[in-house]
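Engineer: Once you've had a glance at the structure underneath, I'll fire off some questions.
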Amino acid sequence: MLRTLSTSEFAEAIGISESSARRLADSGDLRIRKTKGGHRKIPTEEAIRYAREIQATVIRPDLLGLSTNVIGNQTIEPKSRSQRLLMALSEGHYAEVIGLMQALYISGVSIAEMCDGPIRFAMSEIGGAWPQDKRSIFIEHRATILCVRALCQIRLSLPETPENAPSAMGAAPQDDPFLLPSLMASLVLHECGLEEINLGPNTPVDVLADSAEDEKPDVVWLAISNPIRSRTHHREIENLAKVVNSYGGLFLIGGRSATTYTGPLAEKCQSMSEIGLRVAGLSPHSAD
Ligand code: B12
């Protein structure tokens, strides 16, 4: 469970007075818990939500569980942030990567925008070095893992989904080793309020179809980075689409090679930002 902040810690974190923090808590603008002794406690994810909402300049990121590298990165222009992220990922500087990504997040940029913008840009530039640079495969792997770590760290700042939240399940198909696209889709769905499970790369599509049949998630996603070349793989995806359709679920596919699936019953997305639009109408499950 994430920690909570006192009103004085919260005030110090975003550079406001303690009395202002107390007023925010009492007005309901800031959702708080009260201890038995009547002390106001602010859950960290709520403190972060509020800081994002008012685009606060964070003075003590450590109090919000964020990297201290956020401080220097808050004032950098959005365009230079992408360049800085590219450099940090290429050179393997994790502290800089997490500082930049958390600075973007705290400034109000959504996870979807971060994935479609700076991360996609940086990874695409890194990919451009192959095959001329013999270190490129090492750099690609390392940059991927740094993004995974930073995104999972940001995930910790998201509020937990309620028990009756709509559900989602997804993966990248077999022979598709790409970690980031499916992870990003899962985080974006989580950000949209869905309870999700990412089965990760190289997942046999039949396994996903069987699990979807058993669990009937509201949304099933497939991140297709490698082209679907064999008829067998194509048929497996078609079968998955039918399974999801049979119980009224939504089947989303995306990725650089998503167009190589030409079967029916799938909603194709070009970007992570489109996910929010597709899942906007889903309602929470009823208690029964
Ligand atoms: C990292 C990387 C690798 C790593 C992967 C590590 C890992 N475990 O993930 C390794 C080293 C293994 C690798 C291997 C290879 N790679 Co590589 N790789 C990359 C690189 C640099 C980044 C991939 C990535 O994660 N991108 C970030 C993602 C998130 O971006 P994206 O895929 O564009 O996704 C966006 C959208 O498509 C959409 N989206 C994606 N999925 C989904 C899903 C849903 C549901 C939704 C809604 C949206 C959505 O949203 C995303 C964010 O905007 C790319 C360069 C690039 N341009 O991406 C090359 C790249 C993909 N690789 C390439 C190649 C050629 C290869 C290899 C054949 C050779 C090599 N470089 O070793 C092998 C093949 C491996 C295999 N077995 O299939 C080429 C592919 C060219 C092509 N014709 O398609 C690229 C484009 C590099 C290049 N410029 O040539 N690679």
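Residue names in the structure tokens use chain letters A, B, ... in the order shown, residue numbers from 1 in each chain, and ligand numbers from 1 in the order shown.
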What does the list of residues within 8 Å of ligand 1 look like if you count only C-alpha atoms and all ligand atoms, written as a PDB file with N, CA and C atoms, in the first residue's frame?
Structural biologist:
ATOM      1  N   ALA A 112      -0.698   7.778 -21.914  1.00  0.00           N
ATOM      2  CA  ALA A 112      -0.888   7.558 -23.358  1.00  0.00           C
ATOM      3  C   ALA A 112      -0.091   8.579 -24.170  1.00  0.00           C
ATOM      4  N   CYS A 115       3.586   7.844 -24.068  1.00  0.00           N
ATOM      5  CA  CYS A 115       3.962   6.694 -24.910  1.00  0.00           C
ATOM      6  C   CYS A 115       3.973   7.077 -26.387  1.00  0.00           C
ATOM      7  N   ASP A 116       2.927   7.793 -26.823  1.00  0.00           N
ATOM      8  CA  ASP A 116       2.833   8.164 -28.245  1.00  0.00           C
ATOM      9  C   ASP A 116       3.829   9.252 -28.615  1.00  0.00           C
ATOM     10  N   GLY A 117       4.257  10.031 -27.613  1.00  0.00           N
ATOM     11  CA  GLY A 117       5.160  11.158 -27.880  1.00  0.00           C
ATOM     12  C   GLY A 117       6.614  10.802 -27.620  1.00  0.00           C
ATOM     13  N   ILE A 119       8.394   8.764 -25.755  1.00  0.00           N
ATOM     14  CA  ILE A 119       8.969   7.406 -25.712  1.00  0.00           C
ATOM     15  C   ILE A 119       9.026   6.812 -27.123  1.00  0.00           C
ATOM     16  N   ARG A 120       7.924   6.961 -27.859  1.00  0.00           N
ATOM     17  CA  ARG A 120       7.914   6.427 -29.223  1.00  0.00           C
ATOM     18  C   ARG A 120       9.006   7.101 -30.062  1.00  0.00           C
ATOM     19  N   PHE A 121       9.121   8.423 -29.904  1.00  0.00           N
ATOM     20  CA  PHE A 121      10.144   9.169 -30.647  1.00  0.00           C
ATOM     21  C   PHE A 121      11.536   8.626 -30.322  1.00  0.00           C
ATOM     22  N   MET A 123      12.500   5.769 -28.928  1.00  0.00           N
ATOM     23  CA  MET A 123      12.748   4.378 -29.330  1.00  0.00           C
ATOM     24  C   MET A 123      12.929   4.279 -30.841  1.00  0.00           C
ATOM     25  N   SER A 124      12.178   5.088 -31.558  1.00  0.00           N
ATOM     26  CA  SER A 124      12.295   5.036 -33.011  1.00  0.00           C
ATOM     27  C   SER A 124      13.676   5.551 -33.456  1.00  0.00           C
ATOM     28  N   GLU A 125      14.161   6.608 -32.813  1.00  0.00           N
ATOM     29  CA  GLU A 125      15.508   7.129 -33.123  1.00  0.00           C
ATOM     30  C   GLU A 125      16.571   6.081 -32.780  1.00  0.00           C
ATOM     31  N   ILE A 126      16.382   5.432 -31.638  1.00  0.00           N
ATOM     32  CA  ILE A 126      17.349   4.410 -31.214  1.00  0.00           C
ATOM     33  C   ILE A 126      17.376   3.271 -32.249  1.00  0.00           C
ATOM     34  N   GLY A 127      16.191   2.900 -32.744  1.00  0.00           N
ATOM     35  CA  GLY A 127      16.092   1.829 -33.756  1.00  0.00           C
ATOM     36  C   GLY A 127      16.784   2.209 -35.052  1.00  0.00           C
ATOM     37  N   GLY A 128      16.873   3.501 -35.325  1.00  0.00           N
ATOM     38  CA  GLY A 128      17.487   3.985 -36.564  1.00  0.00           C
ATOM     39  C   GLY A 128      18.980   3.686 -36.650  1.00  0.00           C
ATOM     40  N   ALA A 129      19.602   3.413 -35.504  1.00  0.00           N
ATOM     41  CA  ALA A 129      21.050   3.149 -35.494  1.00  0.00           C
ATOM     42  C   ALA A 129      21.377   1.748 -36.013  1.00  0.00           C
ATOM     43  N   TRP A 130      20.371   0.871 -36.028  1.00  0.00           N
ATOM     44  CA  TRP A 130      20.603  -0.508 -36.468  1.00  0.00           C
ATOM     45  C   TRP A 130      20.553  -0.568 -37.990  1.00  0.00           C
ATOM     46  N   PRO A 131      21.400  -1.280 -38.744  1.00  0.00           N
ATOM     47  CA  PRO A 131      22.453  -2.164 -38.259  1.00  0.00           C
ATOM     48  C   PRO A 131      23.846  -1.541 -38.306  1.00  0.00           C
ATOM     49  N   SER A 136      24.099  -1.486 -31.267  1.00  0.00           N
ATOM     50  CA  SER A 136      22.696  -1.049 -31.277  1.00  0.00           C
ATOM     51  C   SER A 136      21.731  -2.031 -30.608  1.00  0.00           C
ATOM     52  N   ILE A 137      22.015  -3.342 -30.749  1.00  0.00           N
ATOM     53  CA  ILE A 137      21.069  -4.298 -30.153  1.00  0.00           C
ATOM     54  C   ILE A 137      21.136  -4.217 -28.624  1.00  0.00           C
ATOM     55  N   PHE A 138      22.380  -4.061 -28.112  1.00  0.00           N
ATOM     56  CA  PHE A 138      22.548  -3.868 -26.661  1.00  0.00           C
ATOM     57  C   PHE A 138      21.790  -2.601 -26.219  1.00  0.00           C
ATOM     58  N   GLU A 140      19.290  -1.067 -27.710  1.00  0.00           N
ATOM     59  CA  GLU A 140      17.830  -1.254 -27.841  1.00  0.00           C
ATOM     60  C   GLU A 140      17.261  -2.015 -26.645  1.00  0.00           C
ATOM     61  N   HIS A 141      17.966  -3.106 -26.272  1.00  0.00           N
ATOM     62  CA  HIS A 141      17.495  -3.900 -25.120  1.00  0.00           C
ATOM     63  C   HIS A 141      17.506  -3.046 -23.852  1.00  0.00           C
ATOM     64  N   ALA A 143      17.530   0.249 -23.472  1.00  0.00           N
ATOM     65  CA  ALA A 143      16.548   1.342 -23.499  1.00  0.00           C
ATOM     66  C   ALA A 143      15.146   0.792 -23.223  1.00  0.00           C
ATOM     67  N   THR A 144      14.851  -0.378 -23.772  1.00  0.00           N
ATOM     68  CA  THR A 144      13.533  -0.999 -23.541  1.00  0.00           C
ATOM     69  C   THR A 144      13.329  -1.243 -22.047  1.00  0.00           C
ATOM     70  N   ILE A 145      14.348  -1.834 -21.420  1.00  0.00           N
ATOM     71  CA  ILE A 145      14.219  -2.170 -19.993  1.00  0.00           C
ATOM     72  C   ILE A 145      14.106  -0.904 -19.141  1.00  0.00           C
ATOM     73  N   ASP A 175       6.102 -15.293 -31.188  1.00  0.00           N
ATOM     74  CA  ASP A 175       7.172 -14.825 -32.094  1.00  0.00           C
ATOM     75  C   ASP A 175       7.269 -13.304 -32.159  1.00  0.00           C
ATOM     76  N   ASP A 176       6.624 -12.647 -31.242  1.00  0.00           N
ATOM     77  CA  ASP A 176       6.692 -11.182 -31.194  1.00  0.00           C
ATOM     78  C   ASP A 176       7.354 -10.816 -29.865  1.00  0.00           C
ATOM     79  N   PRO A 177       8.653 -10.414 -29.891  1.00  0.00           N
ATOM     80  CA  PRO A 177       9.384 -10.261 -28.625  1.00  0.00           C
ATOM     81  C   PRO A 177       9.224  -8.879 -27.989  1.00  0.00           C
ATOM     82  N   PHE A 178       8.459  -7.989 -28.624  1.00  0.00           N
ATOM     83  CA  PHE A 178       8.465  -6.581 -28.192  1.00  0.00           C
ATOM     84  C   PHE A 178       7.678  -6.384 -26.892  1.00  0.00           C
ATOM     85  N   LEU A 179       8.425  -5.919 -25.878  1.00  0.00           N
ATOM     86  CA  LEU A 179       7.866  -5.767 -24.528  1.00  0.00           C
ATOM     87  C   LEU A 179       6.991  -4.525 -24.375  1.00  0.00           C
ATOM     88  N   LEU A 180       7.456  -3.408 -24.957  1.00  0.00           N
ATOM     89  CA  LEU A 180       6.826  -2.122 -24.634  1.00  0.00           C
ATOM     90  C   LEU A 180       5.388  -1.960 -25.133  1.00  0.00           C
ATOM     91  N   PRO A 181       5.077  -2.328 -26.380  1.00  0.00           N
ATOM     92  CA  PRO A 181       3.718  -2.018 -26.856  1.00  0.00           C
ATOM     93  C   PRO A 181       2.609  -2.615 -25.974  1.00  0.00           C
ATOM     94  N   SER A 182       2.746  -3.898 -25.591  1.00  0.00           N
ATOM     95  CA  SER A 182       1.686  -4.499 -24.775  1.00  0.00           C
ATOM     96  C   SER A 182       1.662  -3.913 -23.355  1.00  0.00           C
ATOM     97  N   MET A 184       2.561  -0.880 -22.555  1.00  0.00           N
ATOM     98  CA  MET A 184       1.963   0.457 -22.659  1.00  0.00           C
ATOM     99  C   MET A 184       0.434   0.358 -22.727  1.00  0.00           C
ATOM    100  N   ALA A 185      -0.065  -0.579 -23.547  1.00  0.00           N
ATOM    101  CA  ALA A 185      -1.528  -0.723 -23.665  1.00  0.00           C
ATOM    102  C   ALA A 185      -2.132  -1.040 -22.298  1.00  0.00           C
ATOM    103  N   PRO A 201       4.979 -10.293 -23.974  1.00  0.00           N
ATOM    104  CA  PRO A 201       5.328 -10.677 -25.347  1.00  0.00           C
ATOM    105  C   PRO A 201       5.309 -12.186 -25.547  1.00  0.00           C
ATOM    106  N   TRP A 221      -6.795  -6.892 -25.764  1.00  0.00           N
ATOM    107  CA  TRP A 221      -5.947  -6.191 -26.733  1.00  0.00           C
ATOM    108  C   TRP A 221      -4.858  -7.122 -27.250  1.00  0.00           C
ATOM    109  N   LEU A 222      -4.411  -6.852 -28.453  1.00  0.00           N
ATOM    110  CA  LEU A 222      -3.282  -7.564 -29.030  1.00  0.00           C
ATOM    111  C   LEU A 222      -2.353  -6.527 -29.645  1.00  0.00           C
ATOM    112  N   ALA A 223      -1.080  -6.539 -29.221  1.00  0.00           N
ATOM    113  CA  ALA A 223      -0.088  -5.584 -29.741  1.00  0.00           C
ATOM    114  C   ALA A 223       0.750  -6.310 -30.793  1.00  0.00           C
ATOM    115  N   ILE A 224       0.562  -5.931 -32.051  1.00  0.00           N
ATOM    116  CA  ILE A 224       1.195  -6.663 -33.163  1.00  0.00           C
ATOM    117  C   ILE A 224       2.339  -5.823 -33.749  1.00  0.00           C
ATOM    118  N   SER A 225       3.566  -6.144 -33.355  1.00  0.00           N
ATOM    119  CA  SER A 225       4.723  -5.397 -33.875  1.00  0.00           C
ATOM    120  C   SER A 225       5.361  -6.115 -35.060  1.00  0.00           C
ATOM    121  N   ASN A 226       5.380  -7.446 -35.012  1.00  0.00           N
ATOM    122  CA  ASN A 226       5.918  -8.219 -36.144  1.00  0.00           C
ATOM    123  C   ASN A 226       4.771  -8.585 -37.071  1.00  0.00           C
ATOM    124  N   PRO A 227       4.996  -8.535 -38.381  1.00  0.00           N
ATOM    125  CA  PRO A 227       3.910  -8.872 -39.307  1.00  0.00           C
ATOM    126  C   PRO A 227       3.366 -10.284 -39.079  1.00  0.00           C
ATOM    127  N   LEU A 252      -9.362  -4.991 -29.283  1.00  0.00           N
ATOM    128  CA  LEU A 252      -8.557  -3.887 -29.799  1.00  0.00           C
ATOM    129  C   LEU A 252      -7.229  -4.409 -30.319  1.00  0.00           C
ATOM    130  N   ILE A 253      -6.862  -4.020 -31.527  1.00  0.00           N
ATOM    131  CA  ILE A 253      -5.506  -4.356 -31.955  1.00  0.00           C
ATOM    132  C   ILE A 253      -4.761  -3.094 -32.380  1.00  0.00           C
ATOM    133  N   GLY A 254      -3.466  -3.123 -32.148  1.00  0.00           N
ATOM    134  CA  GLY A 254      -2.642  -1.981 -32.519  1.00  0.00           C
ATOM    135  C   GLY A 254      -1.210  -2.444 -32.677  1.00  0.00           C
ATOM    136  N   GLY A 255      -0.351  -1.518 -33.096  1.00  0.00           N
ATOM    137  CA  GLY A 255       1.049  -1.861 -33.277  1.00  0.00           C
ATOM    138  C   GLY A 255       1.481  -1.633 -34.709  1.00  0.00           C
ATOM    139  N   ARG A 256       2.810  -1.588 -34.901  1.00  0.00           N
ATOM    140  CA  ARG A 256       3.338  -1.218 -36.213  1.00  0.00           C
ATOM    141  C   ARG A 256       2.909  -2.176 -37.327  1.00  0.00           C
ATOM    142  N   SER A 257       2.548  -3.423 -36.977  1.00  0.00           N
ATOM    143  CA  SER A 257       2.132  -4.372 -38.018  1.00  0.00           C
ATOM    144  C   SER A 257       0.673  -4.803 -37.853  1.00  0.00           C
ATOM    145  N   ALA A 258      -0.112  -3.988 -37.179  1.00  0.00           N
ATOM    146  CA  ALA A 258      -1.525  -4.354 -36.943  1.00  0.00           C
ATOM    147  C   ALA A 258      -2.290  -4.537 -38.250  1.00  0.00           C
ATOM    148  N   LYS A 268      -9.111  -1.456 -34.890  1.00  0.00           N
ATOM    149  CA  LYS A 268      -7.685  -1.127 -35.034  1.00  0.00           C
ATOM    150  C   LYS A 268      -7.383   0.269 -34.503  1.00  0.00           C
ATOM    151  N   CYS A 269      -6.308   0.364 -33.718  1.00  0.00           N
ATOM    152  CA  CYS A 269      -5.893   1.662 -33.158  1.00  0.00           C
ATOM    153  C   CYS A 269      -4.492   1.987 -33.671  1.00  0.00           C
ATOM    154  N   GLN A 270      -4.267   3.249 -33.957  1.00  0.00           N
ATOM    155  CA  GLN A 270      -2.937   3.691 -34.422  1.00  0.00           C
ATOM    156  C   GLN A 270      -2.050   4.081 -33.239  1.00  0.00           C
ATOM    157  N   SER A 271      -2.704   4.436 -32.131  1.00  0.00           N
ATOM    158  CA  SER A 271      -1.918   5.006 -31.034  1.00  0.00           C
ATOM    159  C   SER A 271      -2.527   4.626 -29.687  1.00  0.00           C
ATOM    160  N   MET A 272      -1.744   4.864 -28.619  1.00  0.00           N
ATOM    161  CA  MET A 272      -2.226   4.605 -27.266  1.00  0.00           C
ATOM    162  C   MET A 272      -3.344   5.589 -26.896  1.00  0.00           C
ATOM    163  N   SER A 273      -3.249   6.804 -27.441  1.00  0.00           N
ATOM    164  CA  SER A 273      -4.262   7.808 -27.084  1.00  0.00           C
ATOM    165  C   SER A 273      -5.651   7.409 -27.556  1.00  0.00           C
ATOM    166  N   GLU A 274      -5.723   6.559 -28.587  1.00  0.00           N
ATOM    167  CA  GLU A 274      -7.043   6.145 -29.078  1.00  0.00           C
ATOM    168  C   GLU A 274      -7.750   5.196 -28.117  1.00  0.00           C
ATOM    169  N   ILE A 275      -6.973   4.546 -27.257  1.00  0.00           N
ATOM    170  CA  ILE A 275      -7.579   3.560 -26.348  1.00  0.00           C
ATOM    171  C   ILE A 275      -8.665   4.215 -25.499  1.00  0.00           C
TER     172      ILE A 275
END
Engineer: Run DSSP on the backbone of this structure and report the residues of stretch 35-117 of chain A it assigns to strand (DSSP E), as a list in words.
Structural biologist: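 Selecting the strand (DSSP E) positions of stretch 35-117 of chain A gives Arg40, Lys41, Ile42 and Pro43 of chain A.
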Engineer: What are the nearest atom pairs, with distances in Å to one decimal, for all residues of stretch 152-185 of chain A that come at most 7 Å from stretch 194-200 of chain A, using only C-alpha atoms, set out by chain and rising residue number as a tab-separated table?
Structural biologist:
residue	atom	partner	partner_atom	distance
A:Thr161	CA	A:Glu195	CA	6.1
A:Ala165	CA	A:Leu194	CA	5.7
A:Pro166	CA	A:Leu194	CA	5.1
A:Ser167	CA	A:Glu195	CA	4.7
A:Ala168	CA	A:Glu196	CA	4.5
A:Met169	CA	A:Ile197	CA	4.9
A:Gly170	CA	A:Asn198	CA	5.3
A:Ala171	CA	A:Gly200	CA	4.8
A:Ala172	CA	A:Gly200	CA	6.0
A:Leu179	CA	A:Gly200	CA	6.5
A:Ser182	CA	A:Gly200	CA	6.2
A:Leu183	CA	A:Asn198	CA	6.5
Engineer: What would the file look like if the residues just selected were written as an mmCIF file, in the first residue's frame with C-alpha atoms?
Structural biologist:
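What ended up in part-v8.cif:
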data_model
loop_
_atom_site.group_PDB
_atom_site.id
_atom_site.type_symbol
_atom_site.label_atom_id
_atom_site.label_comp_id
_atom_site.auth_asym_id
_atom_site.auth_seq_id
_atom_site.Cartn_x
_atom_site.Cartn_y
_atom_site.Cartn_z
ATOM 1 C CA THR A 161 -9.146 0.433 -9.624
ATOM 2 C CA ALA A 165 -14.085 -1.881 -12.582
ATOM 3 C CA PRO A 166 -14.304 -3.160 -16.163
ATOM 4 C CA SER A 167 -11.545 -5.646 -16.963
ATOM 5 C CA ALA A 168 -8.994 -6.071 -19.741
ATOM 6 C CA MET A 169 -6.494 -8.692 -20.834
ATOM 7 C CA GLY A 170 -3.910 -8.678 -23.587
ATOM 8 C CA ALA A 171 -0.516 -9.558 -24.949
ATOM 9 C CA ALA A 172 1.795 -9.573 -27.938
ATOM 10 C CA LEU A 179 7.866 -5.767 -24.528
ATOM 11 C CA SER A 182 1.686 -4.499 -24.775
ATOM 12 C CA LEU A 183 2.922 -3.021 -21.488
#
Engineer: Can you pull out the residues contacting A:Met114? Cut-off 12 Å, using only C-alpha atoms, and skip same-chain residues under 6 positions away; I want them as number ranges by chain.
Structural biologist: A: 78, 81-82, 85, 100-108, 120-122, 147, 150-151, 154, 184, 187-188, 271-273
Engineer: At what distance in Å, to one decimal, does atom CA of A:Gly99 lie from atom CA of A:Ser67?
Structural biologist: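 Taking atom CA of A:Ser67 as the start and atom CA of A:Gly99 as the end point, the length is 5.8 Å.
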Engineer: How would you write, as a ChimeraX atom specification, the set of residues in stretch 63-267 of chain A that DSSP gives as helix (DSSP H, G or I)?
Structural biologist: /A:63-64,70-73,78-91,94-106,111-127,136-155,179-191,205-215,231-246,258-260
Engineer: Could you tell me how far atom CA of A:Arg155 sits from atom CA of A:Glu191, in Å to one decimal place?
Structural biologist: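 If I compute the distance from atom CA of A:Glu191 to atom CA of A:Arg155, I get 8.4 Å.
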Engineer: Could you make a table, as JSON lines, of the residues of stretch 151-242 of chain A that have an atom within 10 Å of an atom of stretch 34-47 of chain A, each with its nearest atom pair and distance in Å to one decimal, counting only C-alpha atoms, in chain and number order?
Structural biologist:
{"residue": "A:Leu156", "atom": "CA", "partner": "A:Glu45", "partner_atom": "CA", "distance": 8.1}
{"residue": "A:Ser157", "atom": "CA", "partner": "A:Glu45", "partner_atom": "CA", "distance": 5.1}
{"residue": "A:Leu158", "atom": "CA", "partner": "A:Glu45", "partner_atom": "CA", "distance": 6.0}
{"residue": "A:Pro159", "atom": "CA", "partner": "A:Glu45", "partner_atom": "CA", "distance": 5.8}
{"residue": "A:Glu160", "atom": "CA", "partner": "A:Glu45", "partner_atom": "CA", "distance": 9.0}
Engineer: Need the shell around A:Ser230: protein/DNA/RNA residues with any atom at most 12 Å away, counting only C-alpha atoms. Skip same-chain ones fewer than 3 positions apart. Format as a list in words?
Structural biologist: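 Here the answer would be Gln174, Asp175, Asn226, Pro227, His233, His234, Arg235, Glu236, Ile237, Thr260 and Tyr261 of chain A.
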Engineer: With C-alpha atoms retained, write the just-selected residues as a PDB file, in the first residue's frame.
Structural biologist:
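Wrote again02.pdb, looks like this:
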ATOM      1  CA  GLN A 174       3.879 -15.631 -30.313  1.00  0.00           C
ATOM      2  CA  ASP A 175       7.172 -14.825 -32.094  1.00  0.00           C
ATOM      3  CA  ASN A 226       5.918  -8.219 -36.144  1.00  0.00           C
ATOM      4  CA  PRO A 227       3.910  -8.872 -39.307  1.00  0.00           C
ATOM      5  CA  HIS A 233      -1.425 -17.211 -36.883  1.00  0.00           C
ATOM      6  CA  HIS A 234      -3.979 -15.202 -38.822  1.00  0.00           C
ATOM      7  CA  ARG A 235      -6.669 -17.841 -38.153  1.00  0.00           C
ATOM      8  CA  GLU A 236      -5.770 -17.877 -34.442  1.00  0.00           C
ATOM      9  CA  ILE A 237      -6.321 -14.119 -34.214  1.00  0.00           C
ATOM     10  CA  THR A 260      -1.257  -7.405 -41.382  1.00  0.00           C
ATOM     11  CA  TYR A 261      -4.329  -8.772 -39.588  1.00  0.00           C
TER      12      TYR A 261
END
Engineer: Report, in Å with one decimal, the straight-line distance from atom CA of A:Gly276 to atom CA of A:Ala241.
Structural biologist: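 Atom CA of A:Gly276 sits 20.1 Å away from atom CA of A:Ala241.
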Engineer: Could you name the residues that touch A:Leu265 at 10 Å or less, counting only C-alpha atoms, but leaving out those on the same chain fewer than 5 positions away, as a PyMOL selection string?
Structural biologist: chain A and resi 238-245+250-252
Engineer: Could you check the closest approach to A:Gly281 for each of A:Asp218, A:Ala25, A:Ser90, A:Ala209 and tell me which residue wins, using only C-alpha atoms?
Structural biologist: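 Of A:Asp218, A:Ala25, A:Ser90, A:Ala209, the one nearest A:Gly281 is A:Asp218, counting only C-alpha atoms.
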Engineer: Please determine, counting only C-alpha atoms, which residue among A:Glu113, A:Asp206, A:Glu213, A:Glu12 has the shortest atom-to-atom distance to A:Ala56.
Structural biologist: A:Glu12
Engineer: Can you list, as number ranges by chain, every protein, DNA or RNA residue that comes within 9 Å of A:Thr68 when you count only C-alpha atoms, leaving out same-chain residues fewer than 4 positions away?
Structural biologist: A: 60-62, 72, 95, 99
